[in-house]
Each structure stands twice: as C-alpha cells, then as structure tokens.
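The data block below is protein26.pdb; it holds PDB, C-alpha atoms.
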```pdb
ATOM      1  CA  MET M   1       0.671 -13.377 -21.732
ATOM      2  CA  SER M   2       2.142 -13.951 -18.295
ATOM      3  CA  ILE M   3       4.697 -15.763 -16.161
ATOM      4  CA  THR M   4       3.096 -18.789 -14.528
ATOM      5  CA  LEU M   5       4.580 -20.878 -11.723
ATOM      6  CA  ALA M   6       2.935 -24.144 -10.692
ATOM      7  CA  GLY M   7       4.039 -26.087  -7.619
ATOM      8  CA  VAL M   8       7.585 -24.680  -7.679
ATOM      9  CA  THR M   9       9.849 -25.933  -4.898
ATOM     10  CA  ALA M  10      13.524 -24.946  -4.784
ATOM     11  CA  GLY M  11      16.572 -24.750  -2.535
ATOM     12  CA  TYR M  12      20.361 -24.728  -2.702
ATOM     13  CA  SER M  13      21.022 -28.241  -1.425
ATOM     14  CA  PRO M  14      19.178 -31.573  -1.710
ATOM     15  CA  ASN M  15      17.489 -31.280   1.695
ATOM     16  CA  GLN M  16      16.926 -27.524   1.712
ATOM     17  CA  VAL M  17      13.571 -25.945   0.874
ATOM     18  CA  ILE M  18      13.627 -22.165   0.420
ATOM     19  CA  VAL M  19      10.694 -21.857  -1.997
ATOM     20  CA  ASP M  20       7.919 -24.238  -1.035
ATOM     21  CA  ASN M  21       5.244 -25.328  -3.524
ATOM     22  CA  VAL M  22       4.628 -21.860  -4.979
ATOM     23  CA  ASP M  23       1.828 -21.157  -7.440
ATOM     24  CA  LEU M  24       1.987 -17.662  -8.914
ATOM     25  CA  THR M  25       0.932 -15.733 -11.997
ATOM     26  CA  ILE M  26       2.819 -12.542 -12.895
ATOM     27  CA  ARG M  27       0.451 -10.396 -14.895
ATOM     28  CA  THR M  28       1.681  -8.719 -18.043
ATOM     29  CA  GLY M  29       1.965  -4.941 -17.915
ATOM     30  CA  GLU M  30       2.263  -4.655 -14.132
ATOM     31  CA  VAL M  31       5.023  -3.908 -11.648
ATOM     32  CA  THR M  32       4.881  -6.836  -9.244
ATOM     33  CA  VAL M  33       6.835  -6.361  -6.014
ATOM     34  CA  LEU M  34       7.870  -9.265  -3.795
ATOM     35  CA  ILE M  35       8.111  -8.399  -0.104
ATOM     36  CA  GLY M  36       8.713 -10.383   3.057
ATOM     37  CA  PRO M  37      11.333 -10.925   5.777
ATOM     38  CA  ASN M  38      14.917 -11.977   5.116
ATOM     39  CA  GLY M  39      15.215 -15.614   4.105
ATOM     40  CA  CYS M  40      11.580 -15.989   3.059
ATOM     41  CA  GLY M  41      12.463 -16.995  -0.525
ATOM     42  CA  LYS M  42      12.080 -13.795  -2.563
ATOM     43  CA  SER M  43      15.507 -13.808  -4.218
ATOM     44  CA  THR M  44      15.464 -17.582  -4.615
ATOM     45  CA  LEU M  45      12.159 -17.302  -6.441
ATOM     46  CA  LEU M  46      13.626 -14.785  -8.911
ATOM     47  CA  LYS M  47      16.655 -16.995  -9.552
ATOM     48  CA  THR M  48      14.363 -19.939 -10.183
ATOM     49  CA  ILE M  49      12.205 -18.006 -12.650
ATOM     50  CA  GLY M  50      15.351 -16.842 -14.463
ATOM     51  CA  ARG M  51      16.706 -20.413 -14.580
ATOM     52  CA  LEU M  52      19.763 -19.589 -12.509
ATOM     53  CA  LEU M  53      18.515 -22.163 -10.002
ATOM     54  CA  LYS M  54      16.894 -25.411 -11.029
ATOM     55  CA  PRO M  55      13.775 -26.175  -8.966
ATOM     56  CA  ARG M  56      13.347 -29.517  -7.292
ATOM     57  CA  ARG M  57       9.884 -29.769  -8.787
ATOM     58  CA  GLY M  58       7.251 -27.657 -10.478
ATOM     59  CA  ALA M  59       6.784 -25.877 -13.798
ATOM     60  CA  ILE M  60       7.527 -22.340 -15.014
ATOM     61  CA  GLU M  61       6.117 -20.891 -18.212
ATOM     62  CA  VAL M  62       6.692 -17.453 -19.717
ATOM     63  CA  ASP M  63       4.163 -16.635 -22.424
ATOM     64  CA  GLY M  64       3.841 -20.368 -23.066
ATOM     65  CA  LEU M  65       7.615 -20.931 -23.122
ATOM     66  CA  ASP M  66       8.725 -23.786 -20.844
ATOM     67  CA  VAL M  67      11.576 -22.068 -19.008
ATOM     68  CA  LEU M  68      13.040 -25.232 -17.530
ATOM     69  CA  ARG M  69      13.311 -27.037 -20.870
ATOM     70  CA  SER M  70      14.203 -24.156 -23.146
ATOM     71  CA  ASP M  71      17.572 -22.978 -24.400
ATOM     72  CA  ALA M  72      19.220 -20.539 -21.976
ATOM     73  CA  LYS M  73      19.711 -17.950 -24.696
ATOM     74  CA  ARG M  74      16.038 -18.093 -25.611
ATOM     75  CA  VAL M  75      15.071 -17.542 -21.975
ATOM     76  CA  ALA M  76      17.479 -14.574 -21.818
ATOM     77  CA  ARG M  77      15.679 -13.042 -24.799
ATOM     78  CA  THR M  78      12.477 -13.170 -22.752
ATOM     79  CA  ILE M  79      13.544 -12.294 -19.200
ATOM     80  CA  ALA M  80      16.267  -9.873 -18.072
ATOM     81  CA  TYR M  81      17.539 -10.480 -14.533
ATOM     82  CA  LEU M  82      19.517  -8.019 -12.416
ATOM     83  CA  PRO M  83      20.838  -9.654  -9.211
ATOM     84  CA  GLN M  84      21.659  -8.041  -5.887
ATOM     85  CA  SER M  85      25.013  -6.210  -5.902
ATOM     86  CA  PRO M  86      26.112  -7.274  -9.415
ATOM     87  CA  ILE M  87      29.858  -7.617  -9.905
ATOM     88  CA  VAL M  88      31.504  -4.836 -11.906
ATOM     89  CA  PRO M  89      34.310  -6.026 -14.217
ATOM     90  CA  VAL M  90      37.467  -3.956 -13.784
ATOM     91  CA  SER M  91      37.808  -1.011 -16.191
ATOM     92  CA  ILE M  92      34.628  -1.791 -18.136
ATOM     93  CA  THR M  93      32.868   1.343 -19.388
ATOM     94  CA  VAL M  94      29.164   2.110 -19.248
ATOM     95  CA  GLU M  95      28.825   1.565 -22.991
ATOM     96  CA  GLN M  96      30.576  -1.808 -22.810
ATOM     97  CA  LEU M  97      28.461  -2.934 -19.847
ATOM     98  CA  VAL M  98      25.209  -1.937 -21.513
ATOM     99  CA  GLY M  99      26.372  -3.714 -24.663
ATOM    100  CA  TYR M 100      26.484  -6.996 -22.730
ATOM    101  CA  GLY M 101      22.711  -6.812 -22.628
ATOM    102  CA  ARG M 102      22.669  -7.580 -26.355
ATOM    103  CA  ALA M 103      24.558 -10.894 -25.934
ATOM    104  CA  PRO M 104      21.436 -13.131 -26.034
ATOM    105  CA  HIS M 105      20.550 -11.660 -29.436
ATOM    106  CA  GLN M 106      24.000 -12.006 -31.014
ATOM    107  CA  SER M 107      25.784 -14.840 -32.792
ATOM    108  CA  LEU M 108      28.759 -16.652 -31.275
ATOM    109  CA  LEU M 109      31.035 -14.103 -32.940
ATOM    110  CA  GLY M 110      29.378 -11.324 -30.939
ATOM    111  CA  LEU M 111      29.182  -8.967 -33.894
ATOM    112  CA  ARG M 112      27.071  -5.873 -33.227
ATOM    113  CA  SER M 113      24.225  -5.059 -35.574
ATOM    114  CA  ALA M 114      22.677  -1.673 -36.227
ATOM    115  CA  ARG M 115      19.827  -2.774 -33.956
ATOM    116  CA  ASP M 116      22.288  -3.575 -31.153
ATOM    117  CA  ILE M 117      23.841  -0.121 -31.401
ATOM    118  CA  GLU M 118      20.416   1.538 -31.499
ATOM    119  CA  LEU M 119      19.184  -0.244 -28.372
ATOM    120  CA  VAL M 120      22.389   0.380 -26.424
ATOM    121  CA  ASP M 121      22.240   4.087 -27.269
ATOM    122  CA  ALA M 122      18.556   4.242 -26.302
ATOM    123  CA  ALA M 123      19.156   2.462 -22.981
ATOM    124  CA  ILE M 124      21.999   4.821 -22.073
ATOM    125  CA  ALA M 125      19.869   7.848 -22.929
ATOM    126  CA  THR M 126      16.811   6.547 -21.030
ATOM    127  CA  THR M 127      18.830   6.041 -17.850
ATOM    128  CA  GLY M 128      20.425   9.487 -18.094
ATOM    129  CA  LEU M 129      23.957   8.199 -18.632
ATOM    130  CA  SER M 130      24.823   9.787 -21.988
ATOM    131  CA  ASP M 131      27.546  11.938 -20.394
ATOM    132  CA  PHE M 132      29.069   8.880 -18.688
ATOM    133  CA  ARG M 133      29.049   6.330 -21.517
ATOM    134  CA  HIS M 134      32.865   6.172 -21.694
ATOM    135  CA  GLN M 135      33.436   6.239 -17.926
ATOM    136  CA  ALA M 136      34.495   3.134 -16.010
ATOM    137  CA  VAL M 137      31.521   1.732 -14.118
ATOM    138  CA  ALA M 138      33.718   0.920 -11.109
ATOM    139  CA  GLU M 139      34.470   4.634 -10.693
ATOM    140  CA  MET M 140      30.818   5.693 -10.576
ATOM    141  CA  SER M 141      28.616   6.371  -7.557
ATOM    142  CA  GLY M 142      26.269   3.665  -6.336
ATOM    143  CA  GLY M 143      23.240   5.306  -7.923
ATOM    144  CA  GLN M 144      24.962   5.815 -11.283
ATOM    145  CA  ARG M 145      26.241   2.261 -11.216
ATOM    146  CA  GLN M 146      22.755   0.921 -10.566
ATOM    147  CA  ARG M 147      21.432   2.934 -13.492
ATOM    148  CA  ALA M 148      24.141   1.429 -15.703
ATOM    149  CA  PHE M 149      23.041  -2.082 -14.805
ATOM    150  CA  ILE M 150      19.399  -1.187 -15.394
ATOM    151  CA  ALA M 151      20.466   0.192 -18.790
ATOM    152  CA  MET M 152      22.047  -3.185 -19.528
ATOM    153  CA  ALA M 153      18.736  -4.876 -18.692
ATOM    154  CA  LEU M 154      16.932  -2.359 -20.911
ATOM    155  CA  ALA M 155      19.259  -3.072 -23.822
ATOM    156  CA  GLN M 156      18.462  -6.772 -23.456
ATOM    157  CA  ASP M 157      15.068  -5.770 -24.881
ATOM    158  CA  THR M 158      12.977  -8.375 -23.089
ATOM    159  CA  PRO M 159       9.266  -8.160 -22.268
ATOM    160  CA  TYR M 160      10.026  -9.114 -18.641
ATOM    161  CA  VAL M 161      12.575  -7.555 -16.269
ATOM    162  CA  MET M 162      13.450  -8.902 -12.805
ATOM    163  CA  LEU M 163      15.299  -6.689 -10.309
ATOM    164  CA  ASP M 164      16.504  -8.107  -6.995
ATOM    165  CA  GLU M 165      16.704  -5.374  -4.334
ATOM    166  CA  PRO M 166      17.741  -2.631  -6.802
ATOM    167  CA  THR M 167      17.660   0.093  -4.124
ATOM    168  CA  THR M 168      19.924  -1.631  -1.583
ATOM    169  CA  PHE M 169      22.767   0.597  -0.302
ATOM    170  CA  LEU M 170      21.410   3.652  -2.156
ATOM    171  CA  ASP M 171      20.515   6.930  -0.478
ATOM    172  CA  ILE M 172      16.912   8.102  -0.594
ATOM    173  CA  ARG M 173      17.362  10.224  -3.729
ATOM    174  CA  HIS M 174      18.954   7.413  -5.726
ATOM    175  CA  GLN M 175      16.369   4.960  -4.427
ATOM    176  CA  MET M 176      13.645   7.177  -5.835
ATOM    177  CA  GLU M 177      15.475   7.634  -9.139
ATOM    178  CA  THR M 178      15.894   3.874  -9.458
ATOM    179  CA  MET M 179      12.228   3.182  -8.790
ATOM    180  CA  GLU M 180      11.180   5.940 -11.187
ATOM    181  CA  LEU M 181      13.209   4.069 -13.817
ATOM    182  CA  VAL M 182      11.231   0.936 -12.997
ATOM    183  CA  ARG M 183       8.027   2.878 -13.639
ATOM    184  CA  GLN M 184       9.511   4.093 -16.929
ATOM    185  CA  LEU M 185      10.014   0.458 -17.904
ATOM    186  CA  HIS M 186       6.352  -0.079 -17.111
ATOM    187  CA  ASP M 187       5.323   2.910 -19.201
ATOM    188  CA  ALA M 188       7.390   1.524 -22.093
ATOM    189  CA  GLY M 189       5.443  -1.738 -21.939
ATOM    190  CA  ARG M 190       7.775  -3.896 -19.843
ATOM    191  CA  THR M 191       6.521  -6.184 -17.101
ATOM    192  CA  SER M 192       8.701  -5.886 -13.987
ATOM    193  CA  ILE M 193       9.207  -8.145 -10.980
ATOM    194  CA  VAL M 194      11.053  -6.383  -8.176
ATOM    195  CA  VAL M 195      12.227  -7.531  -4.739
ATOM    196  CA  LEU M 196      12.091  -4.743  -2.129
ATOM    197  CA  HIS M 197      12.384  -4.510   1.650
ATOM    198  CA  ASP M 198      10.854  -1.060   2.071
ATOM    199  CA  ILE M 199       7.105  -1.703   2.305
ATOM    200  CA  ALA M 200       6.083   1.916   1.702
ATOM    201  CA  GLN M 201       8.321   2.011  -1.367
ATOM    202  CA  ALA M 202       6.870  -1.277  -2.590
ATOM    203  CA  ALA M 203       3.337   0.052  -2.122
ATOM    204  CA  ARG M 204       4.132   3.323  -3.880
ATOM    205  CA  TYR M 205       5.711   1.830  -7.002
ATOM    206  CA  GLY M 206       4.102  -1.593  -7.247
ATOM    207  CA  ASP M 207       0.837  -2.319  -9.004
ATOM    208  CA  ARG M 208       0.669  -5.594  -7.134
ATOM    209  CA  LEU M 209       2.357  -6.928  -4.017
ATOM    210  CA  VAL M 210       3.228 -10.558  -3.416
ATOM    211  CA  VAL M 211       4.006 -11.290   0.236
ATOM    212  CA  MET M 212       6.217 -14.272   1.073
ATOM    213  CA  HIS M 213       6.783 -15.935   4.417
ATOM    214  CA  GLY M 214       8.532 -19.229   5.108
ATOM    215  CA  GLY M 215       8.968 -19.966   1.411
ATOM    216  CA  ARG M 216       5.288 -19.589   0.622
ATOM    217  CA  ILE M 217       3.036 -16.851  -0.710
ATOM    218  CA  VAL M 218       0.754 -15.693   2.088
ATOM    219  CA  ALA M 219      -0.928 -12.705   0.412
ATOM    220  CA  GLN M 220      -1.089 -10.917  -2.921
ATOM    221  CA  GLY M 221      -3.052  -8.090  -4.485
ATOM    222  CA  LYS M 222      -3.169  -4.314  -4.704
ATOM    223  CA  PRO M 223      -1.033  -2.601  -2.033
ATOM    224  CA  ALA M 224      -4.009  -1.060  -0.221
ATOM    225  CA  ASP M 225      -5.679  -4.475  -0.048
ATOM    226  CA  VAL M 226      -2.578  -6.309   1.168
ATOM    227  CA  VAL M 227      -0.727  -4.109   3.662
ATOM    228  CA  SER M 228      -2.430  -4.273   7.047
ATOM    229  CA  PRO M 229      -1.364  -4.368  10.712
ATOM    230  CA  GLU M 230      -2.559  -7.974  10.917
ATOM    231  CA  LEU M 231      -0.449  -9.096   7.962
ATOM    232  CA  LEU M 232       2.651  -7.285   9.227
ATOM    233  CA  LEU M 233       2.286  -8.886  12.637
ATOM    234  CA  THR M 234       1.952 -12.335  11.063
ATOM    235  CA  VAL M 235       4.790 -11.969   8.562
ATOM    236  CA  TYR M 236       7.269  -9.746  10.407
ATOM    237  CA  GLY M 237       6.210 -10.305  14.016
ATOM    238  CA  LEU M 238       5.908  -6.544  14.411
ATOM    239  CA  ASN M 239       3.093  -4.343  15.674
ATOM    240  CA  CYS M 240       2.629  -1.510  13.185
ATOM    241  CA  MET M 241       0.347   1.342  12.276
ATOM    242  CA  VAL M 242      -0.696   1.508   8.619
ATOM    243  CA  TYR M 243      -1.978   4.753   7.143
ATOM    244  CA  PRO M 244      -2.190   6.390   3.689
ATOM    245  CA  ASP M 245       0.729   8.407   2.356
ATOM    246  CA  PRO M 246      -0.349  12.075   2.285
ATOM    247  CA  VAL M 247       0.953  12.450  -1.289
ATOM    248  CA  THR M 248       0.234   9.138  -3.036
ATOM    249  CA  GLY M 249      -2.465   7.628  -0.823
ATOM    250  CA  THR M 250      -0.560   4.325  -0.794
ATOM    251  CA  PRO M 251       0.087   2.503   2.509
ATOM    252  CA  VAL M 252       2.834   3.731   4.849
ATOM    253  CA  VAL M 253       4.019   1.628   7.783
ATOM    254  CA  THR M 254       5.186   2.885  11.168
ATOM    255  CA  PRO M 255       6.355   0.287  13.723
ATOM    256  CA  LEU M 256       4.924   0.758  17.211
ATOM    257  CA  ARG M 257       7.021   0.638  20.348
ATOM    258  CA  SER M 258       6.542  -2.450  22.452
ATOM    259  CA  ASP M 259       6.071  -1.471  26.101
TER     260      ASP M 259
END
```

Reformat the file's structure so that it appears as structure tokens.
Amino acid sequence: MSITLAGVTAGYSPNQVIVDNVDLTIRTGEVTVLIGPNGCGKSTLLKTIGRLLKPRRGAIEVDGLDVLRSDAKRVARTIAYLPQSPIVPVSITVEQLVGYGRAPHQSLLGLRSARDIELVDAAIATTGLSDFRHQAVAEMSGGQRQRAFIAMALAQDTPYVMLDEPTTFLDIRHQMETMELVRQLHDAGRTSIVVLHDIAQAARYGDRLVVMHGGRIVAQGKPADVVSPELLLTVYGLNCMVYPDPVTGTPVVTPLRSD
C-alpha cells in the first residue's frame, strides 16, 4: 500500500511548470516530509496528489486507486488534505468544523450517523480540544485553531493525511505541539505527508525526507542520510554546518556567515 506518482508534471497555467516529471513513492506507515526552497513545487505537489490541481501529464495511484479518474468523494475518503492558512468560516464552532471532516462519508442529506459522532468526539479529544468544542474557531489562538483543523482531518478517517506547512505562523511551543500531533497520527496508523520549511524540525519528526528543487526531487531518504552541507549549498545556495541534535541525534543546521 502506498501513494505512487509517475511522471507527474503540473502548473497553474498552460505554459507554467511547477512540478516537473516527478516520480515518487510515499511509503505506508511513515511520516514523509517535503522540504526545499520557496517555489520549488512542494505545495503544488500536495495539491496535485489531492486532486485539487489537475496535472498536465502523469499518473497518481493511492493503494491502487487511480486518483485522477476516481470520484472526488472516493479520493476524499482516502486522503485528507489540510492547506496552508485554511479559511475559517465566521462563527463556526470547533465541533461543527471537525464535523465537516465526515462529509465524504455522508449522503447528500448530510445526516450524521453514530459513527460520525464517535469519530468527531474522538478527534476533538485526541487534539486536546474537549473544553473548546463549542467555541468559535475564529476566536481561538493560532495553535488551537491549527489543532481544530487537524482534528477535522482526523475525523475524515483516511489512511493518508497531507499537511501543508502546518506550523507556519505558530510560536515554538505550538509548532512542537502540532508536530507531536503528526507523530500521534503516525502512531495511530496514519501515513502523513507534511510540507515544512524548518529543516531541523523536518529531520526530527520525519521518517523520510524528500528534497525538492526547481520542481524536481533531488534527494530522498532518512534525514541523517539526506541533510548535508553539500545538499544545502546546492538546494538553498547557503553554506551551512550540519551536526546532530544533542537530544534526538537528528540533523541540525546552522548557516555560516559569508565573509
């Protein structure tokens, strides 16, 4: 079981190429983190996998399901996607937001089943939002709001979860809480694909890193095997020192001053 991309090329206009002939296999049971400079194609790749963006060419399969030819609702029962800075509807409560995650499993009437209620309750509890379930999401802090959206993705009850820069605009504590939630998804059997900018954070929480540059994948593997001064110079144009984190042993990056 896996997500498999073969020769995927995508962009936002007929002559634009953001993702360029990408072959990639997302392994089941891992946290895969996409890293790379701004504009390299990370977010575009997620949108293409989730069928929010139709590729110009190529094939995408999720556990044998042809994503590009399948019903959108069926795809949404397989992959949950949380975009950057999701829009918060005015006055919607945490419970209502998390309930939206059940939409792909419901009929056109949107009637909630006992299973829907069970999964919404479980997602709220897992993300530590039980005391906030009736609060308006728009009134919550950035970290709480992010947890609410992750709870919505949890309630969607899909084997695969994609998170696009889930720690953006969060302080260090809420960044850590968010990434610990990602690891909880992993422990519960979910396969996660996450876009991050912080390389040390990506190395700490990711089982596997996929490095993109210029729309292509230039490296992939375990963090310790991927993150190196040579790679960072090639991809980011930056001289860096790479050394093991004193707590986790995963790679930490310190840029060097250019004299």

Tell me, counting all atoms listed in the file, for each residue of stretch 16-114 of chain M within 10 Å of stretch 209-216 of chain M, which pair of atoms is nearest and how far apart they are in Å to one decimal, in rows ordered by chain and increasing number, as JSON lines.
```
{"residue": "M:Val17", "atom": "CA", "partner": "M:Gly215", "partner_atom": "CA", "distance": 7.6}
{"residue": "M:Ile18", "atom": "CA", "partner": "M:Gly215", "partner_atom": "CA", "distance": 5.2}
{"residue": "M:Val19", "atom": "CA", "partner": "M:Gly215", "partner_atom": "CA", "distance": 4.3}
{"residue": "M:Asp20", "atom": "CA", "partner": "M:Gly215", "partner_atom": "CA", "distance": 5.0}
{"residue": "M:Asn21", "atom": "CA", "partner": "M:Arg216", "partner_atom": "CA", "distance": 7.1}
{"residue": "M:Val22", "atom": "CA", "partner": "M:Arg216", "partner_atom": "CA", "distance": 6.1}
{"residue": "M:Asp23", "atom": "CA", "partner": "M:Arg216", "partner_atom": "CA", "distance": 8.9}
{"residue": "M:Leu24", "atom": "CA", "partner": "M:Val210", "partner_atom": "CA", "distance": 9.1}
{"residue": "M:Ile26", "atom": "CA", "partner": "M:Val210", "partner_atom": "CA", "distance": 9.7}
{"residue": "M:Val31", "atom": "CA", "partner": "M:Leu209", "partner_atom": "CA", "distance": 8.6}
{"residue": "M:Thr32", "atom": "CA", "partner": "M:Leu209", "partner_atom": "CA", "distance": 5.8}
{"residue": "M:Val33", "atom": "CA", "partner": "M:Leu209", "partner_atom": "CA", "distance": 4.9}
{"residue": "M:Leu34", "atom": "CA", "partner": "M:Val210", "partner_atom": "CA", "distance": 4.8}
{"residue": "M:Ile35", "atom": "CA", "partner": "M:Val211", "partner_atom": "CA", "distance": 5.0}
{"residue": "M:Gly36", "atom": "CA", "partner": "M:Met212", "partner_atom": "CA", "distance": 5.0}
{"residue": "M:Pro37", "atom": "CA", "partner": "M:His213", "partner_atom": "CA", "distance": 6.9}
{"residue": "M:Asn38", "atom": "CA", "partner": "M:His213", "partner_atom": "CA", "distance": 9.1}
{"residue": "M:Gly39", "atom": "CA", "partner": "M:Gly214", "partner_atom": "CA", "distance": 7.7}
{"residue": "M:Cys40", "atom": "CA", "partner": "M:Gly214", "partner_atom": "CA", "distance": 4.9}
{"residue": "M:Gly41", "atom": "CA", "partner": "M:Gly215", "partner_atom": "CA", "distance": 5.0}
{"residue": "M:Lys42", "atom": "CA", "partner": "M:Met212", "partner_atom": "CA", "distance": 6.9}
{"residue": "M:Thr44", "atom": "CA", "partner": "M:Gly215", "partner_atom": "CA", "distance": 9.2}
{"residue": "M:Leu45", "atom": "CA", "partner": "M:Gly215", "partner_atom": "CA", "distance": 8.9}
```

Next item on the list: Using atom CA of M:Ala202 and atom CA of M:Val253 as the two end points, give the distance in Å to one decimal.
Entry: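 Atom CA of M:Val253 lies at a distance of 11.1 Å from atom CA of M:Ala202.
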
Item checked: Counting all atoms listed in the file, the option among M:Cys240, M:Ala136, M:Ala203, M:Val88 closest to M:Asp225 ->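 The shortest atom-to-atom distance to M:Asp225 comes from M:Ala203.
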
Item checked: d(atom CA of M:Thr191, atom CA of M:Val161) in Å ->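 Between atom CA of M:Thr191 and atom CA of M:Val161 the gap is 6.3 Å.
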
Notebook entry, point to check: Looking at M:Ser228, M:Asp66, M:Arg190, M:Thr158, which one is nearest to M:Gly101, with distances taken over only C-alpha atoms?
Noted result: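 Comparing M:Ser228, M:Asp66, M:Arg190, M:Thr158 against M:Gly101, the winner is M:Thr158.
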